[in-house]
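Pasting input_39.txt here (compact mmCIF, C-alpha atoms):
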# COMPACT_ATOMS: atom_id res chain seq x y z
CA MET A 1 -13.25 -24.61 -1.52
CA LYS A 2 -11.49 -21.73 -3.33
CA LYS A 3 -14.58 -20.90 -5.40
CA TYR A 4 -16.74 -21.12 -2.31
CA LEU A 5 -14.52 -18.65 -0.44
CA LEU A 6 -14.57 -16.23 -3.36
CA PHE A 7 -18.37 -16.32 -3.33
CA LEU A 8 -18.42 -15.76 0.41
CA PHE A 9 -16.03 -12.79 0.20
CA SER A 10 -18.23 -11.20 -2.46
CA LEU A 11 -21.12 -11.19 -0.02
CA LEU A 12 -19.07 -9.05 2.35
CA PHE A 13 -18.45 -6.27 -0.15
CA THR A 14 -21.85 -4.74 0.54
CA ASN A 15 -20.41 -3.44 3.82
CA ILE A 16 -17.56 -1.51 2.14
CA GLN A 17 -18.46 2.14 1.69
CA ALA A 18 -16.80 3.53 -1.45
CA GLN A 19 -17.61 4.65 -4.96
CA SER A 20 -17.00 1.13 -6.23
CA THR A 21 -15.00 -1.97 -5.35
CA LEU A 22 -12.57 -3.65 -7.72
CA THR A 23 -11.36 -7.17 -6.90
CA VAL A 24 -7.90 -8.61 -7.50
CA ASP A 25 -6.84 -12.25 -7.33
CA ASN A 26 -3.70 -13.70 -8.93
CA SER A 27 -4.84 -17.30 -8.47
CA PRO A 28 -5.55 -19.09 -11.78
CA GLY A 29 -9.23 -19.09 -12.72
CA SER A 30 -10.22 -16.90 -9.79
CA GLY A 31 -12.98 -14.91 -11.48
CA ALA A 32 -11.87 -11.62 -9.88
CA ASP A 33 -11.94 -8.37 -11.86
CA TYR A 34 -8.15 -8.29 -12.23
CA SER A 35 -5.22 -10.62 -11.73
CA ASN A 36 -2.74 -7.92 -10.69
CA ILE A 37 -2.92 -4.77 -8.61
CA ALA A 38 -1.40 -2.43 -11.22
CA ASP A 39 -4.25 -3.08 -13.65
CA ALA A 40 -6.80 -2.50 -10.89
CA ILE A 41 -5.17 0.82 -9.98
CA ASN A 42 -5.17 1.92 -13.62
CA ALA A 43 -8.86 1.10 -13.95
CA ALA A 44 -9.92 2.58 -10.61
CA THR A 45 -11.40 6.02 -10.00
CA THR A 46 -10.19 8.20 -7.15
CA GLY A 47 -11.87 7.04 -3.94
CA ASP A 48 -12.46 3.46 -5.07
CA THR A 49 -11.69 0.39 -2.95
CA ILE A 50 -9.43 -2.36 -4.25
CA PHE A 51 -10.12 -5.67 -2.54
CA ILE A 52 -7.14 -8.02 -2.74
CA HIS A 53 -7.87 -11.70 -2.24
CA PRO A 54 -5.58 -13.89 -0.13
CA SER A 55 -3.17 -15.85 -2.29
CA ALA A 56 -0.29 -18.28 -2.04
CA THR A 57 1.65 -16.01 -4.43
CA SER A 58 2.87 -12.51 -3.59
CA TYR A 59 1.36 -9.66 -5.57
CA GLY A 60 4.75 -7.95 -5.73
CA ASN A 61 5.59 -4.27 -5.34
CA VAL A 62 2.81 -1.70 -5.66
CA SER A 63 2.94 1.89 -6.90
CA VAL A 64 -0.08 3.86 -5.69
CA THR A 65 -0.90 6.59 -8.22
CA LYS A 66 -4.39 7.59 -7.01
CA ARG A 67 -6.22 8.15 -3.73
CA LEU A 68 -7.54 4.62 -3.21
CA HIS A 69 -8.39 2.22 -0.38
CA PHE A 70 -6.67 -1.18 -0.32
CA VAL A 71 -8.23 -3.91 1.79
CA SER A 72 -8.07 -7.65 2.32
CA LEU A 73 -9.38 -10.22 4.80
CA GLY A 74 -6.66 -9.73 7.43
CA HIS A 75 -2.92 -10.19 7.82
CA SER A 76 -3.40 -13.66 9.34
CA PRO A 77 -6.94 -14.83 8.47
CA GLN A 78 -8.12 -18.12 9.92
CA TYR A 79 -10.16 -19.68 7.13
CA THR A 80 -8.02 -19.21 4.00
CA GLN A 81 -5.75 -22.24 4.32
CA GLY A 82 -3.07 -20.06 5.90
CA MET A 83 -3.03 -17.51 3.07
CA ALA A 84 -3.07 -13.72 3.33
CA ALA A 85 -2.84 -10.99 0.70
CA GLN A 86 0.94 -10.53 0.60
CA LEU A 87 2.31 -7.47 -1.17
CA GLY A 88 5.91 -6.41 -1.68
CA ASN A 89 6.91 -2.80 -1.02
CA ILE A 90 4.37 0.00 -1.46
CA SER A 91 5.36 3.43 -2.80
CA LEU A 92 3.08 6.48 -2.88
CA ASN A 93 3.44 8.12 -6.31
CA VAL A 94 0.39 10.32 -6.88
CA ALA A 95 1.24 13.04 -9.40
CA PRO A 96 1.52 15.96 -9.47
CA ASN A 97 1.24 16.88 -5.78
CA GLY A 98 0.47 13.73 -3.79
CA ALA A 99 -2.86 12.76 -2.23
CA ASP A 100 -4.57 12.67 1.15
CA GLY A 101 -6.73 9.89 2.55
CA ILE A 102 -5.12 6.76 1.09
CA SER A 103 -5.75 3.72 3.29
CA PHE A 104 -4.52 0.15 3.76
CA SER A 105 -6.34 -2.45 5.84
CA GLY A 106 -5.98 -6.18 6.54
CA LEU A 107 -2.83 -6.63 4.41
CA ARG A 108 0.73 -7.97 4.64
CA PHE A 109 3.45 -5.94 2.94
CA GLY A 110 7.06 -4.83 3.24
CA THR A 111 7.70 -1.08 3.33
CA ILE A 112 5.49 1.93 2.72
CA SER A 113 7.60 4.78 1.38
CA VAL A 114 7.21 8.24 -0.11
CA PRO A 115 9.88 8.46 -2.84
CA ASP A 116 9.29 12.14 -3.71
CA ASN A 117 9.70 14.50 -0.75
CA SER A 118 8.02 17.36 -2.64
CA HIS A 119 4.66 15.58 -2.56
CA THR A 120 2.22 15.87 0.34
CA TYR A 121 0.43 12.86 1.83
CA ASN A 122 -1.84 13.59 4.80
CA GLN A 123 -4.43 11.45 6.62
CA ILE A 124 -2.91 8.15 5.50
CA GLU A 125 -4.41 5.18 7.36
CA ILE A 126 -2.63 1.87 7.97
CA LEU A 127 -5.00 -0.36 9.93
CA ASN A 128 -4.77 -4.01 10.96
CA CYS A 129 -1.77 -4.67 8.72
CA PHE A 130 1.49 -6.62 9.10
CA PHE A 131 4.54 -4.81 7.69
CA THR A 132 8.28 -4.17 8.10
CA LYS A 133 8.85 -0.43 7.73
CA ILE A 134 7.35 3.01 7.11
CA THR A 135 9.54 5.70 5.57
CA ALA A 136 7.63 8.94 5.10
CA GLY A 137 10.52 11.12 3.85
CA VAL A 138 13.38 12.94 5.50
CA SER A 139 13.36 16.41 3.91
CA GLY A 140 11.69 18.59 1.31
CA PRO A 141 8.52 20.71 1.16
CA GLY A 142 6.00 17.88 1.14
CA PHE A 143 4.14 17.19 4.37
CA ARG A 144 3.06 13.96 6.06
CA ASN A 145 0.46 15.02 8.62
CA ASN A 146 -2.00 12.97 10.66
CA TRP A 147 -1.10 9.43 9.63
CA VAL A 148 -2.86 6.72 11.64
CA ILE A 149 -1.16 3.39 12.37
CA ALA A 150 -3.45 1.25 14.52
CA GLY A 151 -4.04 -2.43 15.23
CA CYS A 152 -0.93 -3.35 13.24
CA VAL A 153 2.08 -5.63 13.63
CA LEU A 154 5.49 -4.20 12.74
CA GLU A 155 8.55 -6.45 12.51
CA SER A 156 11.38 -4.15 11.48
CA ASP A 157 14.57 -5.88 10.37
CA ASN A 158 16.48 -2.62 9.81
CA PRO A 159 16.88 0.79 11.52
CA ASN A 160 14.14 3.43 11.49
CA GLY A 161 11.17 1.08 11.49
CA ILE A 162 8.84 4.10 11.67
CA ASN A 163 10.39 7.28 10.28
CA ARG A 164 8.31 10.45 10.06
CA ALA A 165 9.51 13.86 8.84
CA ASN A 166 8.01 17.17 7.68
CA GLY A 167 4.72 16.81 9.42
CA GLY A 168 3.12 15.83 12.68
CA GLY A 169 0.02 14.60 14.39
CA TRP A 170 0.71 10.93 13.79
CA MET A 171 -1.32 8.46 15.85
CA MET A 172 0.33 5.13 16.66
CA MET A 173 -2.04 3.14 18.81
CA ASN A 174 -2.58 -0.48 19.84
CA ASN A 175 0.21 -1.92 17.71
CA HIS A 176 2.69 -4.74 18.33
CA LEU A 177 6.06 -3.25 17.31
CA ARG A 178 9.15 -5.48 17.30
CA ASN A 179 12.82 -5.01 16.50
CA PRO A 180 14.36 -8.48 15.94
CA SER A 181 17.87 -7.08 15.37
CA LEU A 182 20.59 -7.72 17.95
CA ASP A 183 22.44 -4.50 17.01
CA TRP A 184 22.26 -2.04 19.92
CA SER A 185 22.16 1.01 17.57
CA TRP A 186 19.31 -0.07 15.28
CA ASN A 187 16.58 2.26 16.54
CA LEU A 188 12.91 1.53 15.91
CA PHE A 189 11.47 5.07 15.90
CA ARG A 190 12.82 8.22 14.23
CA ASN A 191 11.74 11.88 14.01
CA LEU A 192 8.67 11.67 16.23
CA ASP A 193 7.75 14.62 18.46
CA GLY A 194 5.23 16.07 20.87
CA SER A 195 2.56 16.45 18.19
CA ASP A 196 2.38 12.67 17.78
CA THR A 197 0.26 10.24 19.82
CA PHE A 198 1.97 7.03 20.93
CA ARG A 199 -0.23 4.93 23.21
CA ASN A 200 -1.23 1.38 24.12
CA ASN A 201 1.50 -0.23 22.04
CA ILE A 202 3.65 -3.24 22.84
CA VAL A 203 7.30 -2.64 21.92
CA VAL A 204 9.61 -5.67 21.81
CA THR A 205 13.37 -5.42 21.27
CA HIS A 206 15.93 -8.21 20.92
CA GLN A 207 18.88 -5.80 20.93
CA ASN A 208 22.04 -6.65 22.84
CA PRO A 209 23.31 -3.72 24.93
CA THR A 210 26.66 -1.97 24.76
CA GLY A 211 28.84 0.23 26.97
CA VAL A 212 29.13 0.58 30.70
CA ASN A 213 25.43 1.39 30.99
CA ASN A 214 24.29 -1.71 29.05
CA GLU A 215 22.23 0.54 26.79
CA ILE A 216 20.42 0.29 23.46
CA ARG A 217 19.20 2.92 21.00
CA LEU A 218 15.43 2.61 20.59
CA PHE A 219 14.74 6.20 19.50
CA GLU A 220 16.51 8.59 17.11
CA ASN A 221 15.78 12.34 17.01
CA CYS A 222 12.51 11.98 18.91
CA VAL A 223 11.84 15.27 20.72
CA ASN A 224 9.22 15.90 23.40
CA LEU A 225 7.57 12.57 22.63
CA ASN A 226 5.12 11.26 25.23
CA ILE A 227 4.61 7.49 25.34
CA GLU A 228 1.43 6.43 27.12
CA ASN A 229 -0.04 3.17 28.42
CA SER A 230 2.51 1.07 26.54
CA ILE A 231 4.48 -2.07 27.37
CA ILE A 232 8.21 -2.16 26.53
CA LEU A 233 9.81 -5.61 26.61
CA PHE A 234 13.51 -6.47 26.39
CA LEU A 235 15.04 -9.80 25.37
CA GLY A 236 18.67 -8.65 25.64
CA ALA A 237 20.38 -7.87 28.95
CA VAL A 238 19.49 -4.18 28.69
CA GLU A 239 19.62 -1.75 31.60
CA THR A 240 19.27 1.65 29.91
CA ILE A 241 17.67 3.21 26.82
CA TYR A 242 20.14 5.56 25.10
CA LEU A 243 18.47 8.98 24.83
CA THR A 244 21.16 11.40 23.64
CA GLY A 245 19.42 13.69 21.11
CA ASN A 246 15.98 12.56 22.30
CA SER A 247 13.56 13.70 24.99
CA ILE A 248 11.01 11.06 25.96
CA THR A 249 8.41 11.11 28.71
CA TYR A 250 6.62 7.93 29.74
CA THR A 251 3.15 8.02 31.25
CA ASN A 252 1.65 4.86 32.79
CA CYS A 253 3.98 2.52 30.91
CA LEU A 254 5.39 -0.86 31.89
CA THR A 255 8.87 -2.33 31.34
CA TYR A 256 10.01 -5.92 31.72
CA SER A 257 13.21 -7.82 30.88
CA TYR A 258 12.95 -11.43 29.75
CA ALA A 259 16.73 -11.62 30.22
CA GLY A 260 16.38 -10.94 33.94
CA SER A 261 18.06 -7.51 33.84
CA THR A 262 17.09 -4.63 36.08
CA LEU A 263 16.05 -1.69 33.91
CA SER A 264 16.56 1.95 34.82
CA PRO A 265 13.28 3.60 35.83
CA LEU A 266 11.41 5.37 33.06
CA ALA A 267 11.25 9.16 33.15
CA GLY A 268 7.67 10.17 33.81
CA THR A 269 4.71 9.32 36.03
CA GLY A 270 2.58 6.29 36.81
CA ASN A 271 5.08 3.82 35.33
CA LEU A 272 5.48 0.17 36.31
CA ASN A 273 9.23 -0.48 36.06
CA ASN A 274 10.60 -4.03 35.92
CA THR A 275 7.12 -5.54 36.14
CA ASP A 276 5.87 -8.71 34.48
CA PRO A 277 2.71 -7.82 32.50
CA ASN A 278 1.33 -11.36 33.00
CA PHE A 279 -0.01 -11.99 29.51
CA ILE A 280 -2.58 -14.76 29.23
CA ASP A 281 -0.64 -16.96 26.79
CA ILE A 282 2.43 -15.94 24.75
CA GLY A 283 4.37 -19.21 24.99
CA GLY A 284 7.32 -17.69 26.81
CA SER A 285 8.22 -15.18 24.08
CA PRO A 286 6.69 -11.75 23.37
CA SER A 287 7.29 -12.06 19.60
CA PHE A 288 3.99 -11.79 17.74
CA SER A 289 1.91 -14.70 16.53
CA SER A 290 -1.80 -14.74 15.81
CA SER A 291 -2.05 -17.84 17.99
CA LYS A 292 -0.84 -15.94 21.07
CA ASN A 293 -3.01 -14.07 23.53
CA PHE A 294 -1.56 -10.71 24.60
CA ASN A 295 -4.49 -9.92 26.86
CA ILE A 296 -3.34 -9.53 30.45
CA GLN A 297 -4.43 -11.91 33.18
CA ALA A 298 -6.88 -10.93 35.88
CA GLY A 299 -4.93 -9.30 38.68
CA SER A 300 -2.07 -8.18 36.43
CA PRO A 301 -0.40 -4.92 37.55
CA ALA A 302 -1.25 -3.58 34.06
CA SER A 303 -4.98 -4.10 34.61
CA ASN A 304 -6.83 -0.76 34.59
CA ALA A 305 -3.44 0.94 35.14
CA GLY A 306 -3.53 3.27 32.12
CA ASN A 307 -3.91 7.02 32.49
CA ASP A 308 -7.45 6.56 31.13
CA GLY A 309 -8.32 3.86 33.68
CA GLN A 310 -8.13 1.11 31.04
CA ASP A 311 -5.56 -1.66 30.64
CA ILE A 312 -1.97 -0.92 29.65
CA GLY A 313 -1.09 -2.61 26.35
CA LEU A 314 -2.88 -3.68 23.17
CA PHE A 315 -6.39 -4.01 24.55
CA GLY A 316 -6.84 -0.63 26.23
CA ASN A 317 -7.73 2.72 24.68
CA SER A 318 -11.24 1.40 23.80
CA PHE A 319 -9.69 -0.31 20.78
CA ALA A 320 -10.58 -3.80 19.55
CA PHE A 321 -7.13 -5.19 18.66
CA ASN A 322 -7.51 -8.31 16.54
CA ALA A 323 -4.68 -10.85 16.33
CA PHE A 324 -5.78 -11.95 12.84
CA GLY A 325 -5.77 -8.41 11.45
CA TYR A 326 -9.40 -8.47 10.37
CA PRO A 327 -10.37 -5.10 8.85
CA ASN A 328 -13.22 -3.02 10.16
CA GLN A 329 -14.99 -2.56 6.81
CA PHE A 330 -16.90 -5.82 6.97
CA PRO A 331 -17.68 -8.76 9.28
CA PHE A 332 -15.09 -11.50 9.62
CA ILE A 333 -15.76 -15.22 9.69
CA SER A 334 -15.74 -16.63 13.22
CA LEU A 335 -17.07 -20.10 12.32
CA MET A 336 -17.19 -22.10 9.08
CA GLN A 337 -18.42 -25.66 9.44
CA ILE A 338 -19.20 -28.13 6.63
CA LEU A 339 -22.26 -30.08 7.78
CA ASN A 340 -22.19 -32.92 5.25
CA ALA A 341 -18.71 -34.18 4.43
CA VAL A 342 -19.91 -36.38 1.54
CA VAL A 343 -21.95 -34.94 -1.34
CA SER A 344 -23.35 -37.05 -4.17
CA PRO A 345 -23.14 -35.73 -7.75
CA GLY A 346 -25.63 -32.91 -8.12
CA GLY A 347 -26.16 -32.84 -4.36
CA THR A 348 -26.03 -29.89 -1.95
CA LEU A 349 -23.10 -28.89 0.25
CA ASN A 350 -24.44 -27.58 3.55
CA VAL A 351 -22.20 -25.06 5.30
CA LYS A 352 -22.78 -23.21 8.56
CA ILE A 353 -21.21 -19.74 8.68
CA GLU A 354 -21.04 -17.33 11.58
CA ALA A 355 -19.55 -13.84 11.27
CA THR A 356 -18.64 -11.16 13.78
CA GLY A 357 -18.11 -7.46 13.23
CA ASN A 358 -15.26 -5.46 14.77

Structure translated into structure tokens:
Amino acid sequence: MKKYLLFLFSLLFTNIQAQSTLTVDNSPGSGADYSNIADAINAATTGDTIFIHPSATSYGNVSVTKRLHFVSLGHSPQYTQGMAAQLGNISLNVAPNGADGISFSGLRFGTISVPDNSHTYNQIEILNCFFTKITAGVSGPGFRNNWVIAGCVLESDNPNGINRANGGGWMMMNNHLRNPSLDWSWNLFRNLDGSDTFRNNIVVTHQNPTGVNNEIRLFENCVNLNIENSIILFLGAVETIYLTGNSITYTNCLTYSYAGSTLSPLAGTGNLNNTDPNFIDIGGSPSFSSSKNFNIQAGSPASNAGNDGQDIGLFGNSFAFNAFGYPNQFPFISLMQILNAVVSPGGTLNVKIEATGN
């Protein structure tokens, strides 16, 4: 089955537009070009794509030293025996000045960070990935403009899940963003401002509140930030979002407490405060799983309630959110059926395959 899947994946490469595609697989006897990502990066030319095969073994930390595109089959693919391409932490280390246009798609990893604040990294794309943190620098002359984070799942187990500095124009759209910490002060977003786009996300927090206002800190140093068409869900008995040092406006957003608390109304227009979004099937918990369906039911208050006339949440904004994290570069397998379970020696294995493009 492993060899068959490798052959099938190779057929999909024709849809990836790049100078060339290098393949990486750390499984024994895989037949890929390289067994580790560092060797593939060293061999690659600027602008190349590195395709990373799903594996039961992590590929470890990655240092990106060139403008490259990293892609795999999805953060939770269906037909790989439960395997995804799992990386450790990713650091951007392009000498001497940084690089624009690096992209990541269909991967699982820990943190993306920019260790050197003097380097500039613009137009970075993080699409259909599952990760824990993005730290794009806190000071220095290097800029981080126009990053795109879309179709992703963030599960941040520490403060500052998304931290942008020295730049602007970030687009965070159609993501499921969760803070599993119970600490009221562990914010999820830091240093965002009015130049950034934040729309059609689901934000989930488990934080327990503190103080007389039963408040939590979700934002830190976010100034003139407008949050649009998003769903904010609370599992702790929260009543208020702590906003000292922040200025947030909400447009056509929805809040709901799974703890039964009454939340203070959001500042802004068109908001649905203390309203159940009526998801189709999330099993009683808004934590992410690829088996859950975060589409809203017919008749939900969030239906067509966005400021663009589309649904509030993951499936508005004319964006095709995919729970399996399938990348957009090539079709993904929607059906794989073995037609003859028993094959005699030298016989033919008949397989039916159907694929769908994003």

For Leu243 in chain A, which of A:Phe51, A:Ser185, A:Asn293, A:Val204 is the closest residue, counting only C-alpha atoms?
A:Ser185

For Phe324 in chain A, please output as a VMD selection string all residues within 7 Å (counting all atoms listed in the file; exclusion window: fewer than 5 positions along the same chain).
chain A and resid 74 to 77 290

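The gap separating CA of Tyr326 in chain A from CA of Gly306 in chain A is 25.4 Å, in Å to one decimal.
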
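Residue nearest Ile216 in chain A within the list A:Ser20, A:Thr240, A:Asn201, A:Thr111: A:Thr240 [criterion: smallest interatomic distance, all atoms listed in the file].
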
Could you check which residues have any atom within 9 Å of (11.3, -18.5, 27.0), counting all atoms listed in the file with coordinates taken straight from the file, and then list them as a PyMOL selection string?
chain A and resi 258+283-286

Please write the residues from the selection above to a file, keeping C-alpha atoms, as a JSON list (two decimals), keeping the file's coordinate frame.
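File produced: selection.json:
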[["chain", "number", "residue", "atom", "x", "y", "z"],
["A", 258, "TYR", "CA", 12.95, -11.43, 29.75],
["A", 283, "GLY", "CA", 4.37, -19.21, 24.99],
["A", 284, "GLY", "CA", 7.32, -17.69, 26.81],
["A", 285, "SER", "CA", 8.22, -15.18, 24.08],
["A", 286, "PRO", "CA", 6.69, -11.75, 23.37]]

Could you rebuild range 125-148 of chain A with N, CA and C atoms and give me the result as a PDB file, keeping the file's coordinate frame?
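The resulting result.pdb:
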ATOM      1  N   GLU A 125      -4.020   6.151   6.338  1.00  0.00           N
ATOM      2  CA  GLU A 125      -4.410   5.180   7.360  1.00  0.00           C
ATOM      3  C   GLU A 125      -3.816   3.816   7.056  1.00  0.00           C
ATOM      4  N   ILE A 126      -3.181   3.226   8.061  1.00  0.00           N
ATOM      5  CA  ILE A 126      -2.630   1.870   7.970  1.00  0.00           C
ATOM      6  C   ILE A 126      -3.223   1.111   9.153  1.00  0.00           C
ATOM      7  N   LEU A 127      -4.202   0.269   8.884  1.00  0.00           N
ATOM      8  CA  LEU A 127      -5.000  -0.360   9.930  1.00  0.00           C
ATOM      9  C   LEU A 127      -4.948  -1.873   9.801  1.00  0.00           C
ATOM     10  N   ASN A 128      -4.698  -2.551  10.913  1.00  0.00           N
ATOM     11  CA  ASN A 128      -4.770  -4.010  10.960  1.00  0.00           C
ATOM     12  C   ASN A 128      -3.897  -4.678   9.902  1.00  0.00           C
ATOM     13  N   CYS A 129      -2.703  -4.146   9.700  1.00  0.00           N
ATOM     14  CA  CYS A 129      -1.770  -4.670   8.720  1.00  0.00           C
ATOM     15  C   CYS A 129      -0.531  -5.245   9.402  1.00  0.00           C
ATOM     16  N   PHE A 130       0.224  -6.037   8.650  1.00  0.00           N
ATOM     17  CA  PHE A 130       1.490  -6.620   9.100  1.00  0.00           C
ATOM     18  C   PHE A 130       2.552  -6.134   8.114  1.00  0.00           C
ATOM     19  N   PHE A 131       3.574  -5.403   8.606  1.00  0.00           N
ATOM     20  CA  PHE A 131       4.540  -4.810   7.690  1.00  0.00           C
ATOM     21  C   PHE A 131       5.907  -4.708   8.361  1.00  0.00           C
ATOM     22  N   THR A 132       6.907  -4.219   7.597  1.00  0.00           N
ATOM     23  CA  THR A 132       8.280  -4.170   8.100  1.00  0.00           C
ATOM     24  C   THR A 132       8.835  -2.768   8.274  1.00  0.00           C
ATOM     25  N   LYS A 133       8.257  -1.757   7.602  1.00  0.00           N
ATOM     26  CA  LYS A 133       8.850  -0.430   7.730  1.00  0.00           C
ATOM     27  C   LYS A 133       7.936   0.622   7.127  1.00  0.00           C
ATOM     28  N   ILE A 134       8.001   1.851   7.692  1.00  0.00           N
ATOM     29  CA  ILE A 134       7.350   3.010   7.110  1.00  0.00           C
ATOM     30  C   ILE A 134       8.374   4.128   7.011  1.00  0.00           C
ATOM     31  N   THR A 135       8.622   4.594   5.796  1.00  0.00           N
ATOM     32  CA  THR A 135       9.540   5.700   5.570  1.00  0.00           C
ATOM     33  C   THR A 135       8.782   6.813   4.875  1.00  0.00           C
ATOM     34  N   ALA A 136       8.491   7.880   5.621  1.00  0.00           N
ATOM     35  CA  ALA A 136       7.630   8.940   5.100  1.00  0.00           C
ATOM     36  C   ALA A 136       8.432  10.161   4.665  1.00  0.00           C
ATOM     37  N   GLY A 137       9.719  10.004   4.336  1.00  0.00           N
ATOM     38  CA  GLY A 137      10.520  11.120   3.850  1.00  0.00           C
ATOM     39  C   GLY A 137      11.365  11.743   4.930  1.00  0.00           C
ATOM     40  N   VAL A 138      12.458  12.353   4.531  1.00  0.00           N
ATOM     41  CA  VAL A 138      13.380  12.940   5.500  1.00  0.00           C
ATOM     42  C   VAL A 138      13.577  14.429   5.292  1.00  0.00           C
ATOM     43  N   SER A 139      13.203  14.981   4.151  1.00  0.00           N
ATOM     44  CA  SER A 139      13.360  16.410   3.910  1.00  0.00           C
ATOM     45  C   SER A 139      12.481  16.812   2.740  1.00  0.00           C
ATOM     46  N   GLY A 140      12.469  18.115   2.449  1.00  0.00           N
ATOM     47  CA  GLY A 140      11.690  18.590   1.310  1.00  0.00           C
ATOM     48  C   GLY A 140      10.409  19.264   1.748  1.00  0.00           C
ATOM     49  N   PRO A 141       9.705  19.913   0.815  1.00  0.00           N
ATOM     50  CA  PRO A 141       8.520  20.710   1.160  1.00  0.00           C
ATOM     51  C   PRO A 141       7.250  19.903   1.387  1.00  0.00           C
ATOM     52  N   GLY A 142       7.220  18.668   0.979  1.00  0.00           N
ATOM     53  CA  GLY A 142       6.000  17.880   1.140  1.00  0.00           C
ATOM     54  C   GLY A 142       5.749  17.500   2.584  1.00  0.00           C
ATOM     55  N   PHE A 143       4.482  17.473   2.990  1.00  0.00           N
ATOM     56  CA  PHE A 143       4.140  17.190   4.370  1.00  0.00           C
ATOM     57  C   PHE A 143       3.490  15.818   4.519  1.00  0.00           C
ATOM     58  N   ARG A 144       3.622  15.257   5.709  1.00  0.00           N
ATOM     59  CA  ARG A 144       3.060  13.960   6.060  1.00  0.00           C
ATOM     60  C   ARG A 144       2.336  14.126   7.407  1.00  0.00           C
ATOM     61  N   ASN A 145       1.185  14.732   7.393  1.00  0.00           N
ATOM     62  CA  ASN A 145       0.460  15.020   8.620  1.00  0.00           C
ATOM     63  C   ASN A 145      -0.624  13.981   8.892  1.00  0.00           C
ATOM     64  N   ASN A 146      -0.819  13.701  10.182  1.00  0.00           N
ATOM     65  CA  ASN A 146      -2.000  12.970  10.660  1.00  0.00           C
ATOM     66  C   ASN A 146      -2.138  11.575  10.063  1.00  0.00           C
ATOM     67  N   TRP A 147      -1.023  10.846   9.984  1.00  0.00           N
ATOM     68  CA  TRP A 147      -1.100   9.430   9.630  1.00  0.00           C
ATOM     69  C   TRP A 147      -1.607   8.652  10.844  1.00  0.00           C
ATOM     70  N   VAL A 148      -2.362   7.596  10.581  1.00  0.00           N
ATOM     71  CA  VAL A 148      -2.860   6.720  11.640  1.00  0.00           C
ATOM     72  C   VAL A 148      -2.329   5.309  11.405  1.00  0.00           C
TER      73      VAL A 148
END
